[in-house]
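For reference, final_21.csv is printed below; it contains CSV, C-alpha atoms and all ligand atoms.
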chain,number,residue,atom,x,y,z
S,215,MET,CA,-24.9,-44.3,-17.9
S,216,ALA,CA,-21.3,-45.5,-18.0
S,217,LYS,CA,-19.1,-45.0,-14.9
S,218,TYR,CA,-16.4,-43.1,-16.8
S,219,LYS,CA,-16.2,-40.9,-19.9
S,220,ILE,CA,-12.9,-41.3,-21.7
S,221,ALA,CA,-11.7,-39.1,-24.5
S,222,TRP,CA,-10.5,-41.4,-27.2
S,223,MET,CA,-7.6,-39.9,-29.3
S,224,PRO,CA,-5.8,-42.4,-31.6
S,225,GLY,CA,-3.9,-39.5,-33.2
S,226,ASP,CA,-1.4,-40.3,-35.9
S,227,GLY,CA,0.2,-43.4,-37.5
S,228,VAL,CA,0.4,-46.5,-35.4
S,229,GLY,CA,-1.5,-44.6,-32.6
S,230,ASN,CA,-4.6,-45.9,-34.4
S,231,GLU,CA,-3.5,-49.5,-34.3
S,232,VAL,CA,-2.3,-49.6,-30.7
S,233,MET,CA,-5.5,-47.9,-29.6
S,234,ALA,CA,-7.7,-50.4,-31.5
S,235,ALA,CA,-5.7,-53.2,-29.8
S,236,THR,CA,-6.2,-51.6,-26.4
S,237,ARG,CA,-10.0,-51.4,-27.0
S,238,ILE,CA,-10.0,-55.2,-27.5
S,239,VAL,CA,-8.6,-55.6,-24.0
S,240,LEU,CA,-10.7,-52.9,-22.4
S,241,ASP,CA,-13.8,-54.4,-23.8
S,242,ALA,CA,-12.8,-57.9,-22.7
S,243,MET,CA,-12.3,-56.4,-19.2
S,244,GLN,CA,-15.8,-54.9,-19.4
S,245,PHE,CA,-14.4,-51.6,-18.3
S,246,ASP,CA,-17.5,-49.5,-17.7
S,247,ALA,CA,-16.7,-46.5,-19.9
S,248,GLU,CA,-18.1,-44.4,-22.7
S,249,TYR,CA,-15.4,-43.5,-25.2
S,250,VAL,CA,-15.7,-40.2,-26.9
S,251,PRO,CA,-13.6,-39.9,-30.1
S,252,ALA,CA,-11.6,-36.7,-30.4
S,253,ASP,CA,-9.7,-35.3,-33.4
S,254,ILE,CA,-6.0,-34.6,-32.9
S,255,GLY,CA,-2.9,-34.8,-35.0
S,256,TRP,CA,-1.2,-34.2,-38.3
S,257,LYS,CA,-4.3,-34.7,-40.5
S,258,PHE,CA,-6.0,-31.8,-38.7
S,259,TRP,CA,-2.9,-29.6,-39.1
S,260,CYS,CA,-2.8,-30.2,-42.9
S,261,GLU,CA,-6.6,-29.8,-43.4
S,262,GLU,CA,-7.5,-27.2,-40.8
S,263,GLY,CA,-4.3,-25.6,-39.9
S,264,ASN,CA,-4.8,-26.8,-36.3
S,265,PRO,CA,-3.6,-30.2,-34.9
S,266,LEU,CA,-5.6,-29.6,-31.8
S,267,PRO,CA,-9.0,-28.3,-32.8
S,268,ASP,CA,-11.2,-26.4,-30.3
S,269,ARG,CA,-13.9,-29.1,-30.4
S,270,THR,CA,-11.3,-31.6,-29.1
S,271,ILE,CA,-10.5,-29.3,-26.1
S,272,ASP,CA,-14.3,-29.1,-25.4
S,273,ILE,CA,-14.5,-32.9,-25.4
S,274,LEU,CA,-11.6,-33.2,-23.0
S,275,LYS,CA,-13.2,-30.8,-20.6
S,276,GLN,CA,-16.3,-33.1,-20.5
S,277,THR,CA,-14.4,-36.3,-19.9
S,278,ASP,CA,-12.7,-37.9,-16.9
S,279,CYS,CA,-9.4,-38.4,-18.7
S,280,ALA,CA,-8.0,-39.2,-22.1
S,281,LEU,CA,-6.3,-42.1,-23.8
S,282,PHE,CA,-4.0,-41.0,-26.6
S,283,GLY,CA,-2.2,-43.1,-29.2
S,284,ALA,CA,0.7,-41.1,-30.8
S,285,ILE,CA,1.5,-37.9,-32.6
S,286,THR,CA,3.6,-36.9,-35.6
S,287,SER,CA,5.6,-33.8,-35.0
S,288,LYS,CA,7.7,-32.2,-37.8
S,289,PRO,CA,9.9,-29.1,-37.9
S,290,ARG,CA,8.5,-25.8,-39.0
S,291,ASP,CA,9.4,-25.8,-42.7
S,292,GLU,CA,8.2,-29.3,-43.3
S,293,ALA,CA,4.9,-28.5,-41.5
S,294,ASN,CA,4.3,-25.5,-43.7
S,295,ASP,CA,5.0,-27.5,-46.9
S,296,GLU,CA,2.2,-30.0,-46.0
S,297,LEU,CA,-0.4,-27.4,-45.1
S,298,ALA,CA,-3.5,-27.3,-47.5
S,299,PRO,CA,-2.8,-24.8,-50.3
S,300,GLU,CA,-5.6,-22.4,-49.2
S,301,LEU,CA,-4.2,-22.3,-45.7
S,302,LYS,CA,-0.6,-21.4,-46.7
S,303,ASP,CA,0.5,-17.8,-46.2
S,304,LYS,CA,-2.0,-17.3,-43.4
S,305,GLY,CA,0.8,-17.2,-40.9
S,306,LEU,CA,-0.2,-20.5,-39.3
S,307,VAL,CA,2.5,-22.0,-37.1
S,308,TYR,CA,2.6,-25.7,-36.3
S,309,PHE,CA,2.8,-26.7,-32.7
S,310,SER,CA,3.0,-30.1,-31.0
S,311,PRO,CA,-0.5,-30.9,-29.8
S,312,ILE,CA,0.7,-33.0,-26.9
S,313,VAL,CA,3.0,-30.3,-25.6
S,314,LYS,CA,0.0,-27.9,-26.0
S,315,LEU,CA,-2.3,-30.3,-24.1
S,316,ARG,CA,0.2,-30.5,-21.3
S,317,GLN,CA,0.3,-26.7,-21.0
S,318,LEU,CA,-3.4,-26.1,-21.5
S,319,PHE,CA,-4.6,-28.7,-18.9
S,320,ASN,CA,-1.5,-28.1,-16.6
S,321,LEU,CA,-0.5,-31.7,-16.8
S,322,HIS,CA,2.6,-31.0,-14.8
S,323,THR,CA,3.7,-34.5,-14.2
S,324,ASN,CA,4.9,-37.1,-16.7
S,325,LEU,CA,5.1,-40.5,-15.0
S,326,ARG,CA,7.1,-43.1,-17.0
S,327,PRO,CA,7.6,-46.5,-15.4
S,328,CYS,CA,10.3,-48.8,-17.0
S,329,LYS,CA,10.1,-52.3,-15.7
S,330,ALA,CA,11.8,-55.4,-17.0
S,331,PHE,CA,9.1,-58.0,-17.2
S,332,PRO,CA,10.3,-61.6,-16.6
S,333,GLY,CA,10.9,-63.5,-19.8
S,334,ASN,CA,11.3,-60.4,-22.0
S,335,PRO,CA,14.4,-61.3,-24.1
S,336,LEU,CA,14.9,-57.6,-24.9
S,337,ASN,CA,15.6,-56.8,-21.2
S,338,TYR,CA,19.0,-55.3,-20.8
S,339,ARG,CA,19.0,-56.8,-17.4
S,340,ASP,CA,16.1,-58.6,-15.7
S,341,ASP,CA,16.3,-56.6,-12.5
S,342,VAL,CA,15.6,-53.1,-13.8
S,343,ASP,CA,12.5,-51.5,-12.3
S,344,LEU,CA,12.5,-47.7,-12.6
S,345,VAL,CA,10.1,-44.9,-12.6
S,346,VAL,CA,10.9,-41.5,-14.2
S,347,PHE,CA,9.1,-38.4,-13.0
S,348,ARG,CA,9.4,-35.8,-15.7
S,349,GLU,CA,8.3,-32.2,-15.2
S,350,ASN,CA,6.0,-31.7,-18.0
S,351,THR,CA,5.1,-28.0,-18.5
S,352,GLU,CA,8.2,-25.9,-17.9
S,353,GLY,CA,11.9,-25.9,-18.7
S,354,MET,CA,13.4,-26.4,-22.1
S,355,TYR,CA,10.0,-27.4,-23.7
S,356,GLY,CA,8.1,-24.4,-22.3
S,357,GLY,CA,7.9,-23.0,-25.8
S,358,VAL,CA,9.4,-19.5,-25.2
S,359,GLU,CA,11.6,-19.2,-28.3
S,360,TRP,CA,12.6,-16.8,-31.1
S,361,PHE,CA,14.1,-16.9,-34.5
S,362,PRO,CA,15.3,-14.5,-35.6
S,363,LEU,CA,16.1,-12.9,-32.3
S,364,PRO,CA,14.1,-9.6,-31.9
S,365,GLU,CA,16.2,-6.5,-31.0
S,366,LYS,CA,14.2,-5.8,-27.9
S,367,VAL,CA,14.7,-9.4,-26.6
S,368,TYR,CA,18.4,-9.0,-27.3
S,369,ASP,CA,18.6,-5.7,-25.6
S,370,ALA,CA,16.8,-7.0,-22.5
S,371,MET,CA,19.2,-10.0,-22.3
S,372,CYS,CA,22.2,-7.7,-22.5
S,373,ASP,CA,21.6,-7.3,-18.8
S,374,ASN,CA,23.9,-10.3,-18.8
S,375,PRO,CA,27.3,-9.3,-20.3
S,376,LYS,CA,27.7,-12.8,-21.9
S,377,MET,CA,24.9,-11.8,-24.3
S,378,VAL,CA,26.8,-9.2,-26.1
S,379,LYS,CA,28.8,-11.5,-28.4
S,380,TRP,CA,25.7,-12.6,-30.3
S,381,LYS,CA,25.2,-9.2,-31.8
S,382,ASP,CA,28.3,-9.8,-34.0
S,383,LYS,CA,26.7,-12.8,-35.7
S,384,GLY,CA,23.7,-10.6,-36.7
S,385,LEU,CA,20.5,-11.1,-34.8
S,386,ASP,CA,18.9,-12.6,-38.0
S,387,ASN,CA,21.3,-15.5,-37.6
S,388,VAL,CA,20.5,-16.1,-34.0
S,389,ALA,CA,17.9,-18.6,-32.6
S,390,LEU,CA,16.9,-18.6,-28.9
S,391,SER,CA,15.1,-21.3,-26.9
S,392,THR,CA,14.7,-20.7,-23.2
S,393,ARG,CA,14.8,-22.9,-20.1
S,394,ILE,CA,12.5,-21.3,-17.6
S,395,MET,CA,11.8,-23.1,-14.4
S,396,SER,CA,9.9,-22.1,-11.3
S,397,LYS,CA,10.4,-23.0,-7.7
S,398,GLN,CA,6.8,-24.3,-7.6
S,399,GLY,CA,7.4,-26.5,-10.7
S,400,CYS,CA,10.6,-27.9,-9.2
S,401,GLU,CA,9.0,-28.5,-5.9
S,402,SER,CA,5.9,-30.2,-7.3
S,403,ILE,CA,7.8,-32.8,-9.4
S,404,CYS,CA,10.4,-33.5,-6.6
S,405,ARG,CA,7.6,-34.0,-4.1
S,406,GLN,CA,5.7,-36.4,-6.3
S,407,ALA,CA,8.8,-38.4,-6.9
S,408,PHE,CA,9.5,-38.7,-3.1
S,409,GLU,CA,5.8,-39.4,-2.4
S,410,TYR,CA,5.9,-42.2,-5.0
S,411,ALA,CA,9.1,-43.6,-3.4
S,412,LYS,CA,7.4,-43.5,0.0
S,413,THR,CA,4.2,-45.2,-1.0
S,414,HIS,CA,5.9,-47.8,-3.2
S,415,LYS,CA,8.7,-48.4,-0.8
S,416,ARG,CA,11.5,-47.4,-3.1
S,417,ALA,CA,14.9,-46.9,-1.5
S,418,SER,CA,16.1,-43.8,-3.4
S,419,VAL,CA,15.2,-40.8,-5.6
S,420,THR,CA,17.8,-39.6,-8.1
S,421,LEU,CA,17.7,-36.0,-9.4
S,422,VAL,CA,18.9,-35.8,-13.0
S,423,GLU,CA,20.2,-32.3,-13.7
S,424,LYS,CA,23.3,-30.4,-14.7
S,425,PRO,CA,23.8,-27.7,-12.0
S,426,ASN,CA,27.5,-27.3,-12.6
S,427,VAL,CA,26.8,-25.7,-16.0
S,428,LEU,CA,23.1,-24.7,-15.9
S,429,ARG,CA,23.8,-22.8,-12.7
S,430,GLU,CA,20.6,-21.0,-12.2
S,431,THR,CA,17.9,-23.4,-13.4
S,432,GLY,CA,19.9,-26.5,-12.4
S,433,GLY,CA,20.9,-24.8,-9.2
S,434,LEU,CA,17.2,-24.0,-8.3
S,435,MET,CA,16.1,-27.5,-9.0
S,436,THR,CA,19.0,-29.0,-6.9
S,437,ARG,CA,18.3,-26.7,-3.9
S,438,VAL,CA,14.6,-27.6,-4.0
S,439,PHE,CA,15.3,-31.3,-4.4
S,440,ARG,CA,17.5,-31.2,-1.3
S,441,ASP,CA,14.9,-29.4,0.7
S,442,VAL,CA,12.1,-31.8,-0.2
S,443,ALA,CA,14.4,-34.7,0.5
S,444,LYS,CA,14.7,-33.6,4.1
S,445,GLU,CA,11.0,-34.4,4.6
S,446,TYR,CA,11.6,-38.0,3.6
S,447,PRO,CA,14.3,-39.3,5.9
S,448,GLY,CA,13.9,-42.9,4.9
S,449,ILE,CA,14.6,-42.3,1.2
S,450,GLU,CA,18.1,-41.7,-0.1
S,451,PRO,CA,18.4,-38.6,-2.2
S,452,TRP,CA,21.0,-39.1,-5.0
S,453,GLU,CA,22.1,-36.5,-7.6
S,454,ALA,CA,23.5,-37.2,-11.0
S,455,ASN,CA,24.3,-35.1,-14.0
S,456,ILE,CA,22.4,-35.8,-17.2
S,457,ASP,CA,25.5,-36.9,-19.1
S,458,ALA,CA,26.8,-39.1,-16.2
S,459,ILE,CA,23.4,-40.8,-15.7
S,460,CYS,CA,23.4,-41.9,-19.3
S,461,MET,CA,26.6,-43.8,-18.5
S,462,TRP,CA,25.4,-45.1,-15.1
S,463,MET,CA,22.1,-46.3,-16.5
S,464,ILE,CA,24.1,-48.6,-18.9
S,465,LYS,CA,26.5,-49.6,-16.2
S,466,ASN,CA,24.3,-50.2,-13.1
S,467,PRO,CA,20.6,-49.5,-13.9
S,468,GLN,CA,19.5,-52.0,-11.2
S,469,ASP,CA,20.7,-49.5,-8.6
S,470,TYR,CA,18.1,-46.9,-9.5
S,471,ALA,CA,14.5,-46.7,-8.4
S,472,VAL,CA,13.0,-43.3,-9.0
S,473,LEU,CA,14.4,-40.6,-11.2
S,474,VAL,CA,13.2,-37.0,-11.3
S,475,ALA,CA,14.1,-34.5,-13.9
S,476,GLU,CA,13.1,-31.3,-15.7
S,477,ASN,CA,11.2,-31.5,-19.0
S,478,MET,CA,14.0,-32.1,-21.5
S,479,PHE,CA,16.3,-34.2,-19.3
S,480,GLY,CA,13.2,-36.3,-18.4
S,481,ASP,CA,12.4,-36.7,-22.1
S,482,ILE,CA,15.9,-37.9,-22.7
S,483,VAL,CA,16.4,-40.2,-19.7
S,484,SER,CA,13.0,-41.8,-20.1
S,485,ASP,CA,13.8,-43.0,-23.6
S,486,LEU,CA,17.1,-44.3,-22.3
S,487,CYS,CA,15.3,-46.2,-19.5
S,488,ALA,CA,12.8,-47.6,-22.1
S,489,GLY,CA,15.7,-49.0,-24.0
S,490,LEU,CA,16.7,-51.0,-20.9
S,491,VAL,CA,13.4,-52.8,-20.7
S,492,GLY,CA,12.7,-53.7,-24.3
S,493,GLY,CA,12.4,-50.4,-26.0
S,494,LEU,CA,9.5,-48.1,-26.8
S,495,GLY,CA,7.2,-51.1,-27.4
S,496,PHE,CA,7.1,-51.5,-23.6
S,497,ALA,CA,7.3,-47.9,-22.3
S,498,SER,CA,4.1,-46.5,-20.8
S,499,ALA,CA,3.4,-43.0,-19.8
S,500,ALA,CA,0.9,-40.7,-18.0
S,501,ASN,CA,0.6,-36.9,-18.3
S,502,ILE,CA,-1.0,-36.0,-15.0
S,503,GLY,CA,-2.5,-32.8,-13.6
S,504,ASP,CA,-4.5,-31.9,-10.6
S,505,GLU,CA,-7.8,-32.5,-12.3
S,506,TYR,CA,-7.2,-34.2,-15.6
S,507,ALA,CA,-4.8,-36.7,-17.1
S,508,VAL,CA,-3.8,-37.8,-20.6
S,509,PHE,CA,-2.5,-41.3,-21.0
S,510,GLU,CA,-0.1,-41.7,-23.9
S,511,PRO,CA,2.8,-44.2,-24.4
S,512,THR,CA,6.3,-42.8,-24.7
S,513,HIS,CA,6.5,-44.0,-28.4
S,514,GLY,CA,5.7,-41.8,-31.4
S,515,SER,CA,3.6,-42.5,-34.4
S,516,ALA,CA,6.3,-44.6,-36.2
S,517,PRO,CA,5.3,-43.5,-39.8
S,518,LYS,CA,7.4,-46.3,-41.3
S,519,TYR,CA,5.1,-49.0,-39.7
S,520,ASP,CA,1.8,-47.2,-40.2
S,521,GLY,CA,-1.0,-49.3,-41.5
S,522,GLN,CA,0.8,-52.6,-41.1
S,523,ASN,CA,-0.6,-53.7,-37.7
S,524,ILE,CA,2.7,-55.0,-36.6
S,525,VAL,CA,3.9,-52.7,-33.8
S,526,ASN,CA,4.0,-53.8,-30.2
S,527,PRO,CA,0.8,-52.8,-28.3
S,528,MET,CA,2.3,-53.5,-24.8
S,529,ALA,CA,3.3,-49.9,-24.3
S,530,MET,CA,-0.3,-48.7,-24.9
S,531,LEU,CA,-1.8,-51.5,-22.8
S,532,LEU,CA,0.5,-50.6,-19.9
S,533,THR,CA,-0.5,-47.0,-20.4
S,534,ALA,CA,-4.1,-48.1,-20.0
S,535,LYS,CA,-3.0,-49.7,-16.8
S,536,LEU,CA,-1.7,-46.3,-15.6
S,537,MET,CA,-5.1,-44.9,-16.4
S,538,PHE,CA,-6.7,-47.5,-14.1
S,539,ASP,CA,-4.2,-46.6,-11.4
S,540,TRP,CA,-5.1,-42.9,-11.7
S,541,LEU,CA,-8.9,-43.7,-11.6
S,542,GLY,CA,-8.3,-45.8,-8.5
S,543,GLU,CA,-9.4,-48.9,-10.3
S,544,ASP,CA,-6.8,-51.0,-8.6
S,545,ASP,CA,-8.2,-54.4,-9.5
S,546,MET,CA,-8.5,-53.5,-13.1
S,547,ALA,CA,-4.9,-52.2,-13.0
S,548,SER,CA,-3.4,-55.4,-11.6
S,549,ARG,CA,-5.6,-57.7,-13.8
S,550,LEU,CA,-4.3,-55.9,-16.9
S,551,GLU,CA,-0.7,-55.8,-15.8
S,552,ASN,CA,-0.7,-59.5,-14.8
S,553,ALA,CA,-2.1,-60.4,-18.2
S,554,VAL,CA,0.5,-58.4,-20.0
S,555,ALA,CA,3.2,-60.0,-17.8
S,556,LYS,CA,1.9,-63.5,-18.5
S,557,VAL,CA,1.9,-63.0,-22.3
S,558,ILE,CA,5.4,-61.6,-22.2
S,559,ASN,CA,6.6,-64.5,-20.1
S,560,ASP,CA,4.9,-67.1,-22.2
S,561,GLY,CA,6.5,-65.7,-25.3
S,562,THR,CA,4.3,-67.7,-27.7
S,563,VAL,CA,2.6,-64.6,-29.1
S,564,ALA,CA,4.7,-61.5,-29.7
S,565,THR,CA,5.3,-58.8,-32.3
S,566,TYR,CA,8.3,-58.7,-34.6
S,567,ASP,CA,10.4,-56.5,-32.3
S,568,VAL,CA,10.5,-59.2,-29.6
S,569,LYS,CA,13.2,-61.2,-31.4
S,570,GLY,CA,13.1,-65.0,-30.8
S,571,ARG,CA,9.6,-64.9,-29.4
S,572,GLY,CA,6.2,-65.4,-31.0
S,573,ASN,CA,5.8,-65.6,-34.7
S,574,GLY,CA,5.9,-62.0,-35.8
S,575,ASN,CA,2.4,-61.7,-34.6
S,576,SER,CA,0.2,-58.7,-35.4
S,577,THR,CA,-0.7,-55.9,-33.0
S,578,THR,CA,-4.2,-57.3,-32.9
S,579,GLU,CA,-3.1,-60.9,-32.1
S,580,VAL,CA,-1.0,-59.7,-29.1
S,581,ALA,CA,-4.0,-57.8,-27.8
S,582,GLN,CA,-6.3,-60.8,-28.2
S,583,GLU,CA,-3.7,-62.9,-26.4
S,584,VAL,CA,-3.7,-60.4,-23.5
S,585,ALA,CA,-7.5,-60.4,-23.4
S,586,ARG,CA,-7.4,-64.2,-23.2
S,587,ASN,CA,-5.1,-64.1,-20.3
S,588,LEU,CA,-7.1,-61.6,-18.2
U,1,LIG,C1,7.6,-37.6,-25.6
U,1,LIG,C2,7.9,-37.1,-26.9
U,1,LIG,C3,7.3,-35.7,-27.0
U,1,LIG,C4,8.1,-34.9,-26.0
U,1,LIG,C5,7.4,-35.0,-28.4
U,1,LIG,C6,6.7,-35.8,-29.4
U,1,LIG,C7,6.9,-33.6,-28.4
U,1,LIG,O1,9.2,-37.2,-27.3
U,1,LIG,O2,6.5,-37.6,-25.1
U,1,LIG,O3,8.6,-38.0,-24.9
U,1,LIG,O4,9.2,-34.5,-26.3
U,1,LIG,O5,7.6,-34.7,-24.9
U,2,MG,MG,10.3,-38.3,-25.8
What's the structure tokens form of this structure?
Ligand code: IPM
Ligand code: MG
Amino acid sequence: MAKYKIAWMPGDGVGNEVMAATRIVLDAMQFDAEYVPADIGWKFWCEEGNPLPDRTIDILKQTDCALFGAITSKPRDEANDELAPELKDKGLVYFSPIVKLRQLFNLHTNLRPCKAFPGNPLNYRDDVDLVVFRENTEGMYGGVEWFPLPEKVYDAMCDNPKMVKWKDKGLDNVALSTRIMSKQGCESICRQAFEYAKTHKRASVTLVEKPNVLRETGGLMTRVFRDVAKEYPGIEPWEANIDAICMWMIKNPQDYAVLVAENMFGDIVSDLCAGLVGGLGFASAANIGDEYAVFEPTHGSAPKYDGQNIVNPMAMLLTAKLMFDWLGEDDMASRLENAVAKVINDGTVATYDVKGRGNGNSTTEVAQEVARNL
């Protein structure tokens, strides 16, 4: 029997290609795993009205963790249009399967390292080495939303006098998305950011929030951050507003080490940080809970490149490295990261996005080159 059981979820679009590329490398490493394929994504929404079938959830429950390629998410109306004719008018509502997985398995922490590998011509600066801790189940992406706004929700919200003005617009014209955050959620993500800084000897942790405007949610997060920071005297606690950090990240990204943020701000700032180290082709990510984890690169399914085998597999390979970290397979993790670093630094084999390097190599060729350098 294999040492690990890994749920294998290519998902949509280029997810299939980067996962196939990753398999080349995992096999070359002789990683002792059984891969269990699991259905997820747009195809299953269109054909079955469910992008995350129950059989997939069962598979996840029987595995150690999951590797996940990418997902296509579309707004409500487009999703309805693409549903199989016999499923239309059944009141089915599209949901993002990755957001659902995060909720279902309580994958509360989204870890997103952004490191400038030496020799990558796409580095904004060569001394960027950041990790984003994104709260993954609460906040703006918690999914508590309405359109149109039900009367009873409106009435309850009139407890706050600022709500009254929306009645004039007609509740049929009003959409509401909430930002609900708990003290426990804030504390967990802040603590993990500080713990990471401590074990990885990082000098600072920066909270990304907006407490001057989002007074209650941002205020709670800020108070909790300050309390947790007191337990880590060696680590500097910095605070930045989401708008300001977008500027500081362009001006002085080398000054930052660990960022911590609520769900939406973490989503935004992690794409920004990815842009500093070569873009989404280099941005790995891990959705981590207490018992389970789903490893999925930051990038999406990139429909425009689907089927061409040209996208950069490095993000997915570095995501597999995060899986090794989480499994405690430290040797595997460093072997894989070193091979990726070597191929980036050599620059002879690279996908089209790495301008000036390689020869517009395919996704597969880059993976083979990494395998050769293990
Ligand atoms: C990400 C993505 C997802 C998110 C989308 C596809 C739901 O942008 O993982 O960063 O917002 O979390
Ligand atoms: Mg995102």
Atom pair atom CA of Met354 of chain S + atom CA of Ile502 of chain S, distance 18.7 Å
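The residues sitting within 9 Å of ligand LIG 1 (chain U), with only C-alpha atoms and all ligand atoms considered, come out as S:Ala284, S:Ile285, S:Thr286, S:Ser287, S:Ser310, S:Pro311, S:Ile312, S:Val313, S:Asn324, S:Asn350, S:Tyr355, S:Asn477, S:Met478, S:Gly480, S:Asp481, S:Ile482, S:Ser484, S:Asp485, S:Ala499, S:Glu510, S:Pro511, S:Thr512, S:His513, S:Gly514, S:Ser515.
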For the residues in that selection, give me C-alpha atoms as a short mmCIF file (atom, residue, chain, number, x, y, z; two decimals), in the coordinates of the input.
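So result.cif came out as:
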data_model
loop_
_atom_site.label_atom_id
_atom_site.label_comp_id
_atom_site.auth_asym_id
_atom_site.auth_seq_id
_atom_site.Cartn_x
_atom_site.Cartn_y
_atom_site.Cartn_z
CA ALA S 284 0.70 -41.10 -30.80
CA ILE S 285 1.50 -37.90 -32.60
CA THR S 286 3.60 -36.90 -35.60
CA SER S 287 5.60 -33.80 -35.00
CA SER S 310 3.00 -30.10 -31.00
CA PRO S 311 -0.50 -30.90 -29.80
CA ILE S 312 0.70 -33.00 -26.90
CA VAL S 313 3.00 -30.30 -25.60
CA ASN S 324 4.90 -37.10 -16.70
CA ASN S 350 6.00 -31.70 -18.00
CA TYR S 355 10.00 -27.40 -23.70
CA ASN S 477 11.20 -31.50 -19.00
CA MET S 478 14.00 -32.10 -21.50
CA GLY S 480 13.20 -36.30 -18.40
CA ASP S 481 12.40 -36.70 -22.10
CA ILE S 482 15.90 -37.90 -22.70
CA SER S 484 13.00 -41.80 -20.10
CA ASP S 485 13.80 -43.00 -23.60
CA ALA S 499 3.40 -43.00 -19.80
CA GLU S 510 -0.10 -41.70 -23.90
CA PRO S 511 2.80 -44.20 -24.40
CA THR S 512 6.30 -42.80 -24.70
CA HIS S 513 6.50 -44.00 -28.40
CA GLY S 514 5.70 -41.80 -31.40
CA SER S 515 3.60 -42.50 -34.40
#
Here atom CA of Thr577 of chain S and atom CA of Leu486 of chain S stand apart by 23.8 Å
When you look at Tyr566 of chain S with a cut-off of 9 Å (counting all atoms listed in the file), what residues show up, excluding the ones that are within fewer than 3 positions of it in the same chain? I need them as a PDB file with C-alpha atoms, keeping the file's coordinate frame.
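Contents of the output file result.pdb:
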ATOM      1  CA  ILE S 524       2.700 -55.000 -36.600  1.00  0.00           C
ATOM      2  CA  VAL S 525       3.900 -52.700 -33.800  1.00  0.00           C
ATOM      3  CA  ASN S 526       4.000 -53.800 -30.200  1.00  0.00           C
ATOM      4  CA  LYS S 569      13.200 -61.200 -31.400  1.00  0.00           C
ATOM      5  CA  GLY S 570      13.100 -65.000 -30.800  1.00  0.00           C
ATOM      6  CA  ARG S 571       9.600 -64.900 -29.400  1.00  0.00           C
ATOM      7  CA  GLY S 572       6.200 -65.400 -31.000  1.00  0.00           C
ATOM      8  CA  ASN S 573       5.800 -65.600 -34.700  1.00  0.00           C
ATOM      9  CA  GLY S 574       5.900 -62.000 -35.800  1.00  0.00           C
ATOM     10  CA  ASN S 575       2.400 -61.700 -34.600  1.00  0.00           C
ATOM     11  CA  SER S 576       0.200 -58.700 -35.400  1.00  0.00           C
TER      12      SER S 576
END
Notebook entry, point to check: Within 6 Å of Ala529 of chain S, counting all atoms listed in the file, which residues qualify if same-chain residues fewer than 5 places away don't, as a list in words?
Noted result: Gly495, Phe496, Ala497, Ser498 and Pro511 of chain S
Discussion item. Quick one: residues within 12 Å of Leu390 of chain S, all atoms listed in the file, excluding same-chain residues fewer than 5 positions away - as a PyMOL selection string?
Written reply: chain S and resi 354+357-364+367-368+371+377+380+385
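One distance worth recording is that between atom CA of Val568 of chain S and atom CA of Met461 of chain S, which is 24.9 Å.
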Around (4.5, -26.4, -11.3), as given in the file, which residues come within 8 Å? Count all atoms listed in the file and list them as a tab-separated table (two decimals) with C-alpha atoms, in the coordinates of the input.
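Written out: result.tsv:
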chain	number	residue	atom	x	y	z
S	322	HIS	CA	2.60	-31.00	-14.80
S	349	GLU	CA	8.30	-32.20	-15.20
S	351	THR	CA	5.10	-28.00	-18.50
S	352	GLU	CA	8.20	-25.90	-17.90
S	396	SER	CA	9.90	-22.10	-11.30
S	397	LYS	CA	10.40	-23.00	-7.70
S	398	GLN	CA	6.80	-24.30	-7.60
S	399	GLY	CA	7.40	-26.50	-10.70
S	400	CYS	CA	10.60	-27.90	-9.20
S	401	GLU	CA	9.00	-28.50	-5.90
S	402	SER	CA	5.90	-30.20	-7.30
S	403	ILE	CA	7.80	-32.80	-9.40
Handout entry: Contacts of Phe509 of chain S at 7 Å (all atoms listed in the file; same-chain gap of 6+ positions) as a PyMOL selection string
Key = chain S and resi 280-282+499-501+533+537
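Each of S:Val422, S:Leu532, S:Ala553, S:Val228 was checked against Arg586 of chain S using only C-alpha atoms; the smallest atom-to-atom distance is that of S:Ala553.
Using all atoms listed in the file, the nearest neighbour of Glu551 of chain S within the list S:Met233, S:Ala458, S:Leu588, S:Ala581 is S:Leu588.
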Centre and edge lengths, as JSON, for the axis-aligned box enclosing every listed atom of segment 295-308 of chain S with 4 Å of padding on each of the six sides, in Å to one decimal?
{"center_x": -0.3, "center_y": -23.6, "center_z": -43.3, "size_x": 18.6, "size_y": 20.8, "size_z": 22.0}
*asked:* With only C-alpha atoms as the counted atoms, please give the residues lying no more than 8 Å from segment 268-273 of chain S, apart from itself and same-chain residues fewer than 6 positions off, as a list in words.
replied: Ala221, Val250, Ala252, Asp253 and Ile254 of chain S
Using only C-alpha atoms and all ligand atoms, the residue out of S:Ala247, S:Val584, S:Ile558, S:Ala488 with shortest distance to ligand MG 2 (chain U) is S:Ala488
In terms of all atoms listed in the file, the residue from S:Lys302, S:Ala407, S:Leu490, S:Thr277 at minimal distance from Met463 of chain S is S:Leu490
